[in-house]
$ cat coords.cif   # mmCIF, C-alpha atoms
data_run
#
loop_
_atom_site.label_atom_id
_atom_site.label_comp_id
_atom_site.auth_asym_id
_atom_site.auth_seq_id
_atom_site.Cartn_x
_atom_site.Cartn_y
_atom_site.Cartn_z
CA MET A 21 0.00 0.00 0.00
CA THR A 22 1.38 3.39 -0.94
CA THR A 23 1.84 5.84 1.91
CA VAL A 24 2.58 9.53 1.85
CA ASN A 25 6.29 10.49 1.94
CA ARG A 26 7.46 7.09 0.75
CA ILE A 27 9.06 6.51 -2.62
CA SER A 28 7.63 3.42 -4.23
CA ASP A 29 9.79 0.43 -5.12
CA VAL A 30 8.28 0.51 -8.59
CA SER A 31 10.67 1.79 -11.25
CA GLY A 32 10.12 2.81 -14.86
CA HIS A 33 12.34 2.14 -17.86
CA TYR A 34 12.43 2.47 -21.62
CA VAL A 35 13.55 -0.26 -23.96
CA ASN A 36 14.01 0.15 -27.72
CA LEU A 37 12.63 -2.59 -29.93
CA GLU A 38 12.17 -3.36 -33.59
CA VAL A 39 9.09 -5.43 -34.41
CA GLU A 40 8.27 -6.43 -37.98
CA GLY A 41 10.24 -3.42 -39.21
CA LEU A 42 8.64 -0.94 -36.81
CA ARG A 43 10.79 0.81 -34.23
CA TYR A 44 9.33 1.35 -30.80
CA LYS A 45 10.49 3.04 -27.63
CA VAL A 46 8.60 1.05 -25.02
CA PHE A 47 7.96 2.13 -21.47
CA TYR A 48 7.51 -0.38 -18.70
CA LEU A 49 7.15 -0.45 -14.96
CA GLU A 50 8.66 -3.16 -12.85
CA SER A 51 8.95 -4.24 -9.25
CA GLY A 52 10.11 -7.27 -7.32
CA GLN A 53 12.44 -10.13 -8.05
CA GLY A 54 12.26 -13.77 -8.97
CA GLN A 55 9.96 -15.40 -11.48
CA PRO A 56 9.17 -12.90 -14.28
CA LEU A 57 5.47 -12.06 -14.50
CA VAL A 58 4.73 -10.02 -17.63
CA CYS A 59 1.49 -8.04 -17.54
CA GLN A 60 -0.53 -6.67 -20.47
CA HIS A 61 -3.11 -3.93 -19.91
CA THR A 62 -6.53 -3.86 -21.58
CA ALA A 63 -7.36 -2.24 -24.92
CA GLY A 64 -7.15 1.54 -25.04
CA CYS A 65 -5.51 1.69 -21.63
CA HIS A 66 -2.02 1.57 -20.10
CA ASN A 67 0.06 -0.07 -17.43
CA HIS A 68 -1.35 1.85 -14.46
CA GLN A 69 -4.06 -0.77 -14.41
CA TRP A 70 -1.44 -2.93 -12.68
CA ARG A 71 -0.51 -0.24 -10.11
CA ASN A 72 -1.61 -2.23 -7.08
CA LEU A 73 -0.08 -5.50 -8.22
CA LEU A 74 3.24 -3.72 -8.71
CA GLU A 75 3.16 -2.70 -5.05
CA ASP A 76 1.81 -5.94 -3.61
CA GLN A 77 4.74 -7.31 -1.63
CA ASP A 78 3.01 -10.65 -1.26
CA ILE A 79 3.64 -11.01 -4.98
CA THR A 80 6.80 -8.99 -5.57
CA ARG A 81 8.86 -10.88 -3.01
CA ASN A 82 8.73 -13.87 -5.34
CA TYR A 83 7.89 -12.36 -8.73
CA ARG A 84 9.52 -9.76 -10.93
CA VAL A 85 6.36 -8.00 -12.06
CA ILE A 86 6.78 -6.22 -15.40
CA ALA A 87 3.93 -4.13 -16.82
CA TYR A 88 4.60 -2.47 -20.16
CA ASP A 89 2.68 0.06 -22.19
CA LEU A 90 1.90 -1.40 -25.59
CA PRO A 91 3.05 1.00 -28.35
CA ARG A 92 0.51 3.83 -28.86
CA HIS A 93 -0.52 3.55 -25.19
CA GLY A 94 0.58 5.42 -22.10
CA LYS A 95 4.24 6.40 -22.41
CA SER A 96 5.02 4.09 -25.36
CA ASP A 97 4.83 6.15 -28.51
CA PRO A 98 3.64 5.01 -31.92
CA PRO A 99 6.42 3.70 -34.21
CA SER A 100 9.17 6.25 -34.81
CA ASN A 101 10.18 5.19 -38.32
CA ILE A 102 6.89 5.44 -40.25
CA GLU A 103 4.26 8.10 -40.91
CA TRP A 104 1.76 6.28 -38.72
CA TRP A 105 -0.65 9.21 -38.74
CA LYS A 106 -1.40 8.53 -42.42
CA ASP A 107 -2.79 5.04 -41.79
CA GLU A 108 -5.66 3.63 -39.80
CA TYR A 109 -4.37 1.78 -36.76
CA ARG A 110 -5.52 -1.84 -36.66
CA LEU A 111 -3.67 -4.19 -34.34
CA THR A 112 -3.24 -7.69 -35.76
CA ALA A 113 -2.65 -10.89 -33.83
CA ASP A 114 0.65 -11.45 -35.65
CA HIS A 115 2.05 -8.04 -34.77
CA TYR A 116 0.79 -8.15 -31.21
CA VAL A 117 2.43 -11.52 -30.58
CA ALA A 118 5.62 -10.44 -32.33
CA PHE A 119 5.80 -7.38 -30.09
CA ILE A 120 5.44 -9.41 -26.90
CA MET A 121 8.10 -11.89 -27.99
CA ALA A 122 10.48 -9.05 -28.91
CA PHE A 123 9.84 -7.39 -25.55
CA CYS A 124 10.53 -10.60 -23.62
CA ASP A 125 13.69 -11.18 -25.70
CA ALA A 126 14.93 -7.63 -25.15
CA LEU A 127 14.60 -8.04 -21.38
CA GLU A 128 16.15 -11.53 -21.63
CA LEU A 129 13.28 -13.01 -19.67
CA GLU A 130 13.60 -16.72 -19.00
CA ASN A 131 10.39 -18.69 -18.96
CA PRO A 132 8.10 -15.82 -17.90
CA VAL A 133 4.50 -16.14 -16.84
CA PHE A 134 2.33 -13.96 -19.08
CA MET A 135 -0.86 -12.40 -17.78
CA GLY A 136 -3.20 -10.05 -19.63
CA SER A 137 -6.76 -8.89 -19.31
CA SER A 138 -9.38 -8.56 -22.05
CA PHE A 139 -7.43 -8.12 -25.29
CA GLY A 140 -4.41 -8.97 -23.15
CA GLY A 141 -6.14 -12.16 -22.10
CA ASN A 142 -6.91 -13.03 -25.67
CA VAL A 143 -3.29 -12.54 -26.68
CA ALA A 144 -2.27 -14.75 -23.76
CA LEU A 145 -4.23 -17.51 -25.49
CA GLN A 146 -2.44 -16.66 -28.74
CA LEU A 147 0.92 -17.00 -26.97
CA ALA A 148 0.00 -20.38 -25.50
CA TRP A 149 -1.05 -21.50 -28.98
CA ARG A 150 2.00 -20.17 -30.86
CA TYR A 151 4.88 -20.24 -28.34
CA PRO A 152 4.06 -22.73 -25.57
CA GLU A 153 7.72 -23.51 -25.02
CA ARG A 154 8.59 -19.90 -24.22
CA PHE A 155 6.31 -19.42 -21.21
CA LYS A 156 6.08 -21.06 -17.84
CA GLY A 157 2.35 -20.47 -18.13
CA VAL A 158 -0.26 -17.95 -19.14
CA ILE A 159 -3.09 -16.38 -17.17
CA PRO A 160 -5.74 -15.08 -19.59
CA VAL A 161 -8.02 -12.78 -17.62
CA GLU A 162 -11.48 -11.95 -19.03
CA ALA A 163 -10.58 -13.79 -22.24
CA ALA A 164 -12.26 -16.02 -24.79
CA ASP A 165 -11.47 -17.83 -28.01
CA TYR A 166 -13.53 -15.26 -29.89
CA SER A 167 -14.99 -11.96 -28.72
CA PRO A 168 -16.90 -10.18 -31.50
CA GLY A 169 -19.03 -7.07 -31.29
CA PHE A 170 -16.78 -4.38 -29.84
CA TYR A 171 -15.02 -3.07 -32.96
CA LEU A 172 -17.28 -0.03 -33.13
CA ASP A 173 -17.11 3.33 -34.89
CA TRP A 174 -18.51 4.98 -31.76
CA TRP A 175 -15.06 4.89 -30.13
CA GLN A 176 -13.80 7.48 -32.63
CA HIS A 177 -16.94 9.21 -33.85
CA PRO A 178 -15.99 12.84 -34.51
CA HIS A 179 -19.42 14.15 -33.45
CA ALA A 180 -19.12 12.74 -29.94
CA ASN A 181 -16.58 13.19 -27.16
CA ALA A 182 -14.44 10.12 -27.87
CA ALA A 183 -12.69 10.28 -24.51
CA GLN A 184 -15.98 10.14 -22.64
CA VAL A 185 -17.54 7.57 -24.96
CA CYS A 186 -14.60 5.21 -24.43
CA ALA A 187 -14.46 5.76 -20.69
CA SER A 188 -18.19 5.61 -20.02
CA GLY A 189 -18.67 2.87 -22.60
CA VAL A 190 -16.53 0.56 -20.51
CA TRP A 191 -17.93 1.77 -17.17
CA ASP A 192 -20.46 -1.06 -17.12
CA LEU A 193 -17.65 -3.55 -17.53
CA MET A 194 -16.88 -2.94 -13.86
CA ALA A 195 -18.83 -4.32 -10.93
CA PRO A 196 -20.85 -1.91 -8.79
CA GLN A 197 -19.24 -3.46 -5.71
CA SER A 198 -15.76 -2.37 -6.80
CA PRO A 199 -14.38 0.66 -4.91
CA GLU A 200 -15.53 3.90 -6.46
CA GLN A 201 -12.04 5.44 -6.39
CA ASP A 202 -10.61 2.53 -8.37
CA ARG A 203 -13.46 2.47 -10.85
CA TRP A 204 -12.99 6.18 -11.51
CA ALA A 205 -9.22 5.76 -11.83
CA THR A 206 -9.93 3.15 -14.50
CA TRP A 207 -12.47 5.45 -16.15
CA PHE A 208 -9.81 8.17 -16.16
CA TYR A 209 -7.27 5.90 -17.84
CA TYR A 210 -9.83 5.15 -20.53
CA SER A 211 -10.42 8.82 -21.16
CA GLN A 212 -6.75 8.95 -22.25
CA GLY A 213 -6.73 6.17 -24.80
CA SER A 214 -9.45 6.79 -27.34
CA GLU A 215 -7.07 7.11 -30.32
CA ALA A 216 -5.84 3.55 -29.81
CA PHE A 217 -8.98 1.89 -28.46
CA LYS A 218 -10.73 1.12 -31.72
CA GLY A 219 -7.56 -0.15 -33.40
CA ASP A 220 -6.89 -2.41 -30.40
CA LEU A 221 -10.40 -3.77 -30.72
CA TYR A 222 -9.67 -4.83 -34.28
CA PHE A 223 -7.54 -7.51 -32.66
CA TYR A 224 -10.02 -8.14 -29.85
CA SER A 225 -13.16 -8.53 -31.92
CA VAL A 226 -11.97 -9.29 -35.46
CA ASP A 227 -8.47 -10.72 -35.90
CA HIS A 228 -8.39 -12.83 -32.74
CA ASP A 229 -10.29 -16.00 -33.51
CA LEU A 230 -9.12 -19.26 -32.00
CA ARG A 231 -12.38 -21.10 -32.57
CA GLY A 232 -11.59 -24.60 -33.62
CA LYS A 233 -7.95 -24.23 -32.60
CA LEU A 234 -8.10 -24.47 -28.82
CA ALA A 235 -7.50 -28.20 -28.80
CA GLN A 236 -4.08 -27.45 -30.36
CA ILE A 237 -3.03 -25.60 -27.19
CA ASP A 238 -1.15 -27.91 -24.88
CA GLY A 239 -2.23 -26.78 -21.45
CA HIS A 240 0.07 -29.31 -19.88
CA ARG A 241 3.20 -27.98 -21.57
CA CYS A 242 2.14 -24.37 -21.06
CA PRO A 243 -0.34 -24.20 -18.18
CA VAL A 244 -3.37 -22.02 -18.95
CA VAL A 245 -5.33 -20.65 -15.99
CA MET A 246 -8.27 -18.48 -17.01
CA LEU A 247 -10.02 -15.99 -14.71
CA SER A 248 -13.26 -14.12 -15.42
CA GLY A 249 -15.55 -11.93 -13.34
CA ASP A 250 -19.30 -12.26 -13.12
CA TYR A 251 -19.96 -8.59 -13.99
CA ASP A 252 -18.07 -8.77 -17.30
CA TYR A 253 -20.59 -8.24 -20.11
CA LEU A 254 -18.06 -8.91 -22.89
CA THR A 255 -16.57 -12.18 -21.74
CA PRO A 256 -18.85 -13.42 -18.99
CA PRO A 257 -17.71 -16.46 -17.05
CA ALA A 258 -19.61 -18.82 -19.33
CA ALA A 259 -17.60 -17.63 -22.34
CA SER A 260 -14.26 -18.10 -20.61
CA LYS A 261 -15.27 -21.46 -19.19
CA HIS A 262 -16.38 -22.55 -22.65
CA THR A 263 -12.91 -21.60 -23.90
CA ALA A 264 -11.02 -23.28 -21.06
CA ASP A 265 -13.05 -26.45 -21.45
CA GLN A 266 -11.68 -26.87 -24.97
CA ILE A 267 -8.00 -26.48 -23.97
CA PRO A 268 -6.47 -29.71 -22.75
CA GLY A 269 -5.31 -29.24 -19.18
CA ALA A 270 -6.62 -25.69 -18.79
CA THR A 271 -8.21 -24.40 -15.60
CA PHE A 272 -11.01 -21.86 -15.25
CA ILE A 273 -11.72 -19.87 -12.09
CA GLU A 274 -14.83 -17.68 -11.84
CA MET A 275 -14.39 -14.46 -9.89
CA LYS A 276 -17.37 -13.11 -7.96
CA GLU A 277 -18.45 -9.47 -7.65
CA ILE A 278 -15.87 -8.16 -10.07
CA GLY A 279 -15.78 -7.17 -13.73
CA HIS A 280 -13.62 -6.89 -16.83
CA PHE A 281 -10.77 -4.87 -15.28
CA PRO A 282 -10.22 -6.86 -12.06
CA MET A 283 -6.63 -5.78 -11.40
CA SER A 284 -7.61 -2.13 -11.72
CA GLU A 285 -11.17 -1.92 -10.43
CA ASN A 286 -10.74 -4.03 -7.29
CA TYR A 287 -7.24 -5.35 -6.73
CA ALA A 288 -7.93 -6.48 -3.17
CA ARG A 289 -10.55 -8.91 -4.47
CA PHE A 290 -8.54 -9.88 -7.54
CA ALA A 291 -5.38 -10.64 -5.54
CA GLY A 292 -6.83 -13.75 -3.95
CA TYR A 293 -7.83 -15.18 -7.30
CA LEU A 294 -4.48 -14.23 -8.81
CA LYS A 295 -2.57 -16.04 -6.08
CA ARG A 296 -4.66 -19.14 -6.75
CA ALA A 297 -3.86 -18.85 -10.44
CA LEU A 298 -0.13 -18.39 -9.87
CA GLY A 299 -0.17 -21.36 -7.52
CA GLU A 300 -1.90 -23.43 -10.17
CA VAL A 301 0.72 -22.43 -12.76
CA ASP A 302 3.46 -23.42 -10.31
CA ARG A 303 1.81 -26.73 -9.52
CA ARG A 304 1.26 -27.65 -13.14
CA SER A 305 4.65 -26.51 -14.39
CA ALA A 306 6.37 -28.57 -11.69
CA LEU A 307 4.89 -31.63 -13.35
CA GLN A 308 6.56 -30.82 -16.69
CA PRO A 309 10.16 -31.27 -17.91
CA PRO A 310 12.21 -28.04 -18.31
CA PRO A 311 11.41 -25.97 -21.43
CA THR A 312 13.50 -26.66 -24.50
CA HIS A 313 13.22 -23.19 -26.13
CA SER A 314 12.69 -24.74 -29.54
CA ALA A 315 11.76 -22.59 -32.49
CA ALA A 316 8.18 -21.38 -32.61
CA ARG A 317 5.82 -23.19 -34.90
CA GLU A 318 4.05 -21.29 -37.61
CA PRO A 319 0.70 -19.94 -36.47
CA GLY A 320 -1.92 -22.50 -37.26
CA ALA A 321 0.53 -25.32 -37.77
CA PRO A 322 -0.10 -28.46 -35.78
CA GLN A 323 1.78 -28.66 -32.52
CA SER A 324 4.45 -31.29 -32.27
CA PRO A 325 3.71 -33.94 -29.68
CA MET B 6 -51.78 -0.29 -19.77
CA THR B 7 -53.20 1.59 -16.80
CA SER B 8 -52.91 5.32 -16.36
CA VAL B 9 -50.52 6.29 -13.62
CA SER B 10 -50.06 9.49 -11.71
CA PHE B 11 -46.73 10.94 -10.75
CA THR B 12 -45.18 8.67 -8.14
CA PRO B 13 -42.91 9.72 -5.26
CA ALA B 14 -40.12 7.75 -6.91
CA LEU B 15 -40.46 9.81 -10.09
CA GLU B 16 -40.22 13.01 -8.11
CA GLU B 17 -37.18 11.63 -6.29
CA PHE B 18 -35.60 10.74 -9.66
CA ARG B 19 -36.04 14.35 -10.75
CA GLN B 20 -34.64 15.75 -7.50
CA LEU B 21 -31.68 13.41 -7.41
CA THR B 22 -30.82 14.30 -11.00
CA ASN B 23 -31.09 18.02 -10.47
CA THR B 24 -28.95 17.97 -7.33
CA ASP B 25 -26.43 15.30 -8.34
CA ARG B 26 -22.90 16.69 -8.04
CA GLU B 27 -21.53 14.68 -10.94
CA ILE B 28 -24.32 15.59 -13.34
CA GLN B 29 -24.28 19.22 -12.33
CA ALA B 30 -20.48 19.40 -12.65
CA ASN B 31 -20.44 17.78 -16.10
CA GLY B 32 -23.90 18.43 -17.50
CA LYS B 33 -23.64 21.95 -18.86
CA TYR B 34 -24.46 20.54 -22.31
CA TYR B 35 -26.58 17.60 -21.15
CA SER B 36 -29.66 18.49 -23.20
CA CYS B 37 -31.68 15.76 -24.89
CA ASN B 38 -34.96 13.90 -24.76
CA PHE B 39 -35.10 10.17 -24.13
CA LEU B 40 -37.64 7.47 -23.48
CA LEU B 41 -37.31 4.82 -20.79
CA ASP B 42 -39.54 1.99 -21.95
CA MET B 43 -40.12 0.03 -18.76
CA ALA B 44 -42.63 -2.47 -20.13
CA GLU B 45 -45.75 -1.62 -18.16
CA HIS B 46 -45.10 2.12 -18.39
CA LYS B 47 -42.94 4.46 -20.40
CA LEU B 48 -41.24 7.61 -19.18
CA LEU B 49 -40.22 10.46 -21.47
CA VAL B 50 -37.45 12.54 -19.87
CA ARG B 51 -36.62 15.96 -21.27
CA MET B 52 -33.19 17.13 -20.10
CA HIS B 53 -31.98 20.71 -20.47
CA ARG B 54 -28.45 21.68 -19.44
CA GLY B 55 -28.26 18.96 -16.83
CA THR B 56 -31.68 19.54 -15.36
CA VAL B 57 -34.87 17.56 -15.75
CA GLU B 58 -37.06 20.02 -17.62
CA ASP B 59 -40.03 17.71 -17.91
CA MET B 60 -41.09 14.11 -17.41
CA ILE B 61 -44.07 12.57 -19.14
CA VAL B 62 -45.49 9.23 -18.08
CA ASP B 63 -46.83 7.16 -20.96
CA PRO B 64 -46.38 9.86 -23.59
CA ASP B 65 -48.72 10.25 -26.54
CA PRO B 66 -47.79 8.58 -29.83
CA LEU B 67 -46.44 11.76 -31.42
CA ASP B 68 -44.42 12.99 -28.43
CA ASP B 69 -40.90 12.90 -29.79
CA TYR B 70 -37.55 11.97 -28.30
CA ASP B 71 -33.98 11.46 -29.46
CA PHE B 72 -33.47 7.89 -28.35
CA ALA B 73 -35.21 5.14 -26.42
CA ILE B 74 -33.93 2.63 -23.88
CA ARG B 75 -36.25 -0.37 -23.88
CA ALA B 76 -36.18 -3.49 -21.73
CA GLY B 77 -38.46 -5.93 -20.00
CA ALA B 78 -39.73 -5.55 -16.45
CA GLU B 79 -37.26 -8.04 -15.00
CA THR B 80 -34.25 -6.19 -16.41
CA TRP B 81 -35.47 -2.83 -15.13
CA ALA B 82 -36.18 -4.38 -11.73
CA GLY B 83 -32.49 -5.33 -11.62
CA PHE B 84 -31.48 -1.76 -12.48
CA CYS B 85 -33.58 -0.55 -9.54
CA GLU B 86 -31.83 -2.70 -6.94
CA LYS B 87 -29.33 -1.02 -4.65
CA ILE B 88 -26.65 -3.38 -5.95
CA PRO B 89 -27.83 -4.58 -9.35
CA PRO B 90 -27.20 -8.17 -10.29
CA PRO B 91 -24.73 -8.88 -13.11
CA MET B 92 -25.82 -7.56 -16.51
CA CYS B 93 -28.47 -5.29 -14.96
CA HIS B 94 -25.77 -2.82 -13.91
CA GLY B 95 -25.73 -0.61 -17.00
CA ILE B 96 -27.19 0.01 -20.44
CA TRP B 97 -24.19 -1.57 -22.18
CA SER B 98 -24.22 -4.75 -20.12
CA ALA B 99 -27.98 -5.15 -20.41
CA SER B 100 -27.83 -4.50 -24.16
CA PHE B 101 -25.07 -7.04 -24.73
CA GLN B 102 -26.35 -9.74 -22.38
CA ARG B 103 -30.05 -9.15 -21.68
CA ASP B 104 -33.13 -7.85 -23.48
CA MET B 105 -32.33 -4.13 -23.42
CA ARG B 106 -32.51 -2.31 -26.76
CA LEU B 107 -31.04 1.10 -27.55
CA GLU B 108 -33.02 2.71 -30.36
CA GLY B 109 -33.30 6.04 -32.14
CA ASP B 110 -30.51 8.55 -32.62
CA LEU B 111 -27.69 6.78 -30.82
CA LEU B 112 -25.31 9.61 -31.66
CA VAL B 113 -27.22 11.78 -29.19
CA LEU B 114 -26.97 8.99 -26.63
CA MET B 115 -23.20 8.79 -27.16
CA GLN B 116 -22.83 12.56 -26.95
CA ASN B 117 -24.46 12.46 -23.54
CA LEU B 118 -23.18 9.10 -22.38
CA ARG B 119 -21.32 10.25 -19.30
CA CYS B 120 -24.23 12.05 -17.67
CA LEU B 121 -26.81 9.56 -18.90
CA THR B 122 -24.85 6.70 -17.35
CA ARG B 123 -24.84 8.48 -14.01
CA GLN B 124 -28.51 9.38 -14.23
CA ILE B 125 -29.57 5.80 -14.95
CA GLU B 126 -27.63 4.70 -11.87
CA LEU B 127 -29.87 6.93 -9.76
CA LEU B 128 -32.51 4.22 -10.21
CA ARG B 129 -30.47 2.26 -7.65
CA VAL B 130 -31.46 4.95 -5.15
CA THR B 131 -35.07 5.56 -6.15
CA GLY B 132 -36.02 1.93 -6.62
CA PRO B 133 -38.80 1.16 -9.12
CA LEU B 134 -40.29 4.33 -10.62
CA PHE B 135 -43.80 2.88 -10.98
#

$ encode --input "coords.cif" --output "structure tokens"
Amino acid sequence: MTTVNRISDVSGHYVNLEVEGLRYKVFYLESGQGQPLVCQHTAGCHNHQWRNLLEDQDITRNYRVIAYDLPRHGKSDPPSNIEWWKDEYRLTADHYVAFIMAFCDALELENPVFMGSSFGGNVALQLAWRYPERFKGVIPVEAADYSPGFYLDWWQHPHANAAQVCASGVWDLMAPQSPEQDRWATWFYYSQGSEAFKGDLYFYSVDHDLRGKLAQIDGHRCPVVMLSGDYDYLTPPAASKHTADQIPGATFIEMKEIGHFPMSENYARFAGYLKRALGEVDRRSALQPPPTHSAAREPGAPQSP
Amino acid sequence: MTSVSFTPALEEFRQLTNTDREIQANGKYYSCNFLLDMAEHKLLVRMHRGTVEDMIVDPDPLDDYDFAIRAGAETWAGFCEKIPPPMCHGIWSASFQRDMRLEGDLLVLMQNLRCLTRQIELLRVTGPLF
């Protein structure tokens, strides 16, 4: 818990990456030591959603928590080597995954656990499908194999206040029981991200589609522990459970009285579920031989036994 | 449909709106007309600069409005609980997961989304309007 007159243990850094020919200066926050735990924020938002996790000493005494801003979010600028303002931003699954792999490589992370919420949860599933050997496990939060319906023009309609439409449009994704201060902090973050939100949702609602592919994910080799809250109207628990049920070895945990932004809207409640999930990843990974770091398979290619 | 007079809850809805700090702080341009279709009864709300200018119960067929929010009685009953059950906690959640329908000029709804969202949540305080 942050107190007045105390400098937080959380530190911020930049790292320069090149991903599919695009150059990025990426900002990330980190805290703690031990097992790397890489955290992806939700669409149209930034890494402050993980503010309480970064200062949770129950976690940081054993985990090196790393929460980056995806390019075009927070303090990570759009690519520096193209005229990005002349194109419509649409995040693809390929580029998103390539970015995460480049980020993990740049920080020389060994066998990290990857956790993301919403479009971060969906990309966690993509990582387990494409690069199971590179992760100790993934924790997709508020995720599903397919999540259509949110790639909307309203997020950038020039006749409405896009900042307020984005922020109030996701207000209902949070549970009314969550602390008002934290819900409004999350609302505030969303008022800052309207230029990226719609393009992020191209991945979330259009390009991300693992229907029919979930059985290819080896949840024993790369443990998959899914968490979803009962107030999430985009990926309600039934959708995440339906996804987890199709992944061999995956686990699903329903979270009560919480919504789509659990780490940001009500960390105190989320923390208990997260610790269960991390414990489950530990338990399952202990049953497996050490990772071999073999080359990634092509997306969609069958997984070797 | 039975005719209904102005209920205490309707008057409370007006008072809560007109004195709500959030709406009054952010509602300088909150001016629009919308219909709450609550199954047994309908309520036409005319907002002007953050204040309820008029409310009409079961408006006549040619009374106009910018947009309508329609749902069944069970969904609205959830909205009117102090802590709404999942999917009855907002117009987006109820539209995606229940029987709520947003109709009419949705651009006006989006232009006023922040204050409208807050105003709808006042139903958690008033309880059922009818």

$ residues_around --input "coords.cif" --residues "A:Pro256" --least-positions-apart "6" --cutoff "10 Å" --atoms "only C-alpha atoms" --output "number ranges by chain"
A: 162-164, 248-250, 274, 279-280; B: 91-92, 102

$ closest_residue --input "coords.cif" --among "B:Pro90, B:Gly32, B:Gly109, B:Gly83" --to "chain A" --atoms "only C-alpha atoms"
B:Pro90

$ residues_near_point --input "coords.cif" --point "(-13.7, 0.4, -3.1)" --cutoff "10 Å" --atoms "all atoms listed in the file" --output "list in words"
Pro196, Gln197, Ser198, Pro199, Glu200, Gln201, Asp202, Arg203, Glu285, Asn286, Tyr287, Ala288 and Arg289 of chain A

$ atom_distance --input "coords.cif" --atom1 "atom CA of A:Ile120" --atom2 "atom CA of A:Gln60"
9.2 Å

$ resolve_selection --input "coords.cif" --expression "the PyMOL selection byres ((chain A) within 12 of (chain B))" --output "ChimeraX atom specification"
/A:167-170,173-198,207,211,249-259,276-280

$ residues_around --input "coords.cif" --residues "A:Leu234" --least-positions-apart "2" --cutoff "10 Å" --atoms "all atoms listed in the file" --output "ChimeraX atom specification"
/A:145-146,148-149,165,229-232,236-239,263-268

$ atom_distance --input "coords.cif" --atom1 "atom CA of A:Leu74" --atom2 "atom CA of A:His115"
26.4 Å

$ residues_around --input "coords.cif" --residues "B:Leu49" --least-positions-apart "6" --cutoff "8 Å" --atoms "all atoms listed in the file" --output "list in words"
Asn38, Phe39, Leu40, Leu41, Met60, Ile61, Val62, Asp63, Pro64 and Tyr70 of chain B

$ closest_residue --input "coords.cif" --among "A:Asp76, A:Glu40, A:Glu153, A:Asp107" --to "A:Val133" --atoms "all atoms listed in the file"
A:Glu153

$ residues_near_point --input "coords.cif" --point "(-36.5, 4.2, -4.2)" --cutoff "9 Å" --atoms "all atoms listed in the file" --output "PyMOL selection string"
chain B and resi 13-14+17-18+85-87+128-134

$ atom_distance --input "coords.cif" --atom1 "atom CA of A:Phe281" --atom2 "atom CA of B:Phe84"
21.1 Å

$ closest_residue --input "coords.cif" --among "A:Asn82, A:Ser260, A:Gln55, A:Asn72" --to "A:Gly157" --atoms "all atoms listed in the file"
A:Gln55

$ resolve_selection --input "coords.cif" --expression "the PyMOL selection byres ((chain A and resi 51) around 9)" --output "NGL selection string"
:A and (29-31 or 49-50 or 52-53 or 74-75 or 80 or 83-86)

$ resolve_selection --input "coords.cif" --expression "the PyMOL selection byres ((chain A and resi 100) around 10)" --output "PyMOL selection string"
chain A and resi 42-45+97-99+101-104

$ decode --input "coords.cif" --residues "stretch 70-96 of chain B" --atoms "C-alpha atoms" --output "compact mmCIF listing (two decimals), in the first residue's frame"
# COMPACT_ATOMS: atom_id res chain seq x y z
CA TYR B 70 -37.55 11.97 -28.30
CA ASP B 71 -33.98 11.46 -29.46
CA PHE B 72 -33.47 7.89 -28.35
CA ALA B 73 -35.21 5.14 -26.42
CA ILE B 74 -33.93 2.63 -23.88
CA ARG B 75 -36.25 -0.37 -23.88
CA ALA B 76 -36.18 -3.49 -21.73
CA GLY B 77 -38.46 -5.93 -20.00
CA ALA B 78 -39.73 -5.55 -16.45
CA GLU B 79 -37.26 -8.04 -15.00
CA THR B 80 -34.25 -6.19 -16.41
CA TRP B 81 -35.47 -2.83 -15.13
CA ALA B 82 -36.18 -4.38 -11.73
CA GLY B 83 -32.49 -5.33 -11.62
CA PHE B 84 -31.48 -1.76 -12.48
CA CYS B 85 -33.58 -0.55 -9.54
CA GLU B 86 -31.83 -2.70 -6.94
CA LYS B 87 -29.33 -1.02 -4.65
CA ILE B 88 -26.65 -3.38 -5.95
CA PRO B 89 -27.83 -4.58 -9.35
CA PRO B 90 -27.20 -8.17 -10.29
CA PRO B 91 -24.73 -8.88 -13.11
CA MET B 92 -25.82 -7.56 -16.51
CA CYS B 93 -28.47 -5.29 -14.96
CA HIS B 94 -25.77 -2.82 -13.91
CA GLY B 95 -25.73 -0.61 -17.00
CA ILE B 96 -27.19 0.01 -20.44
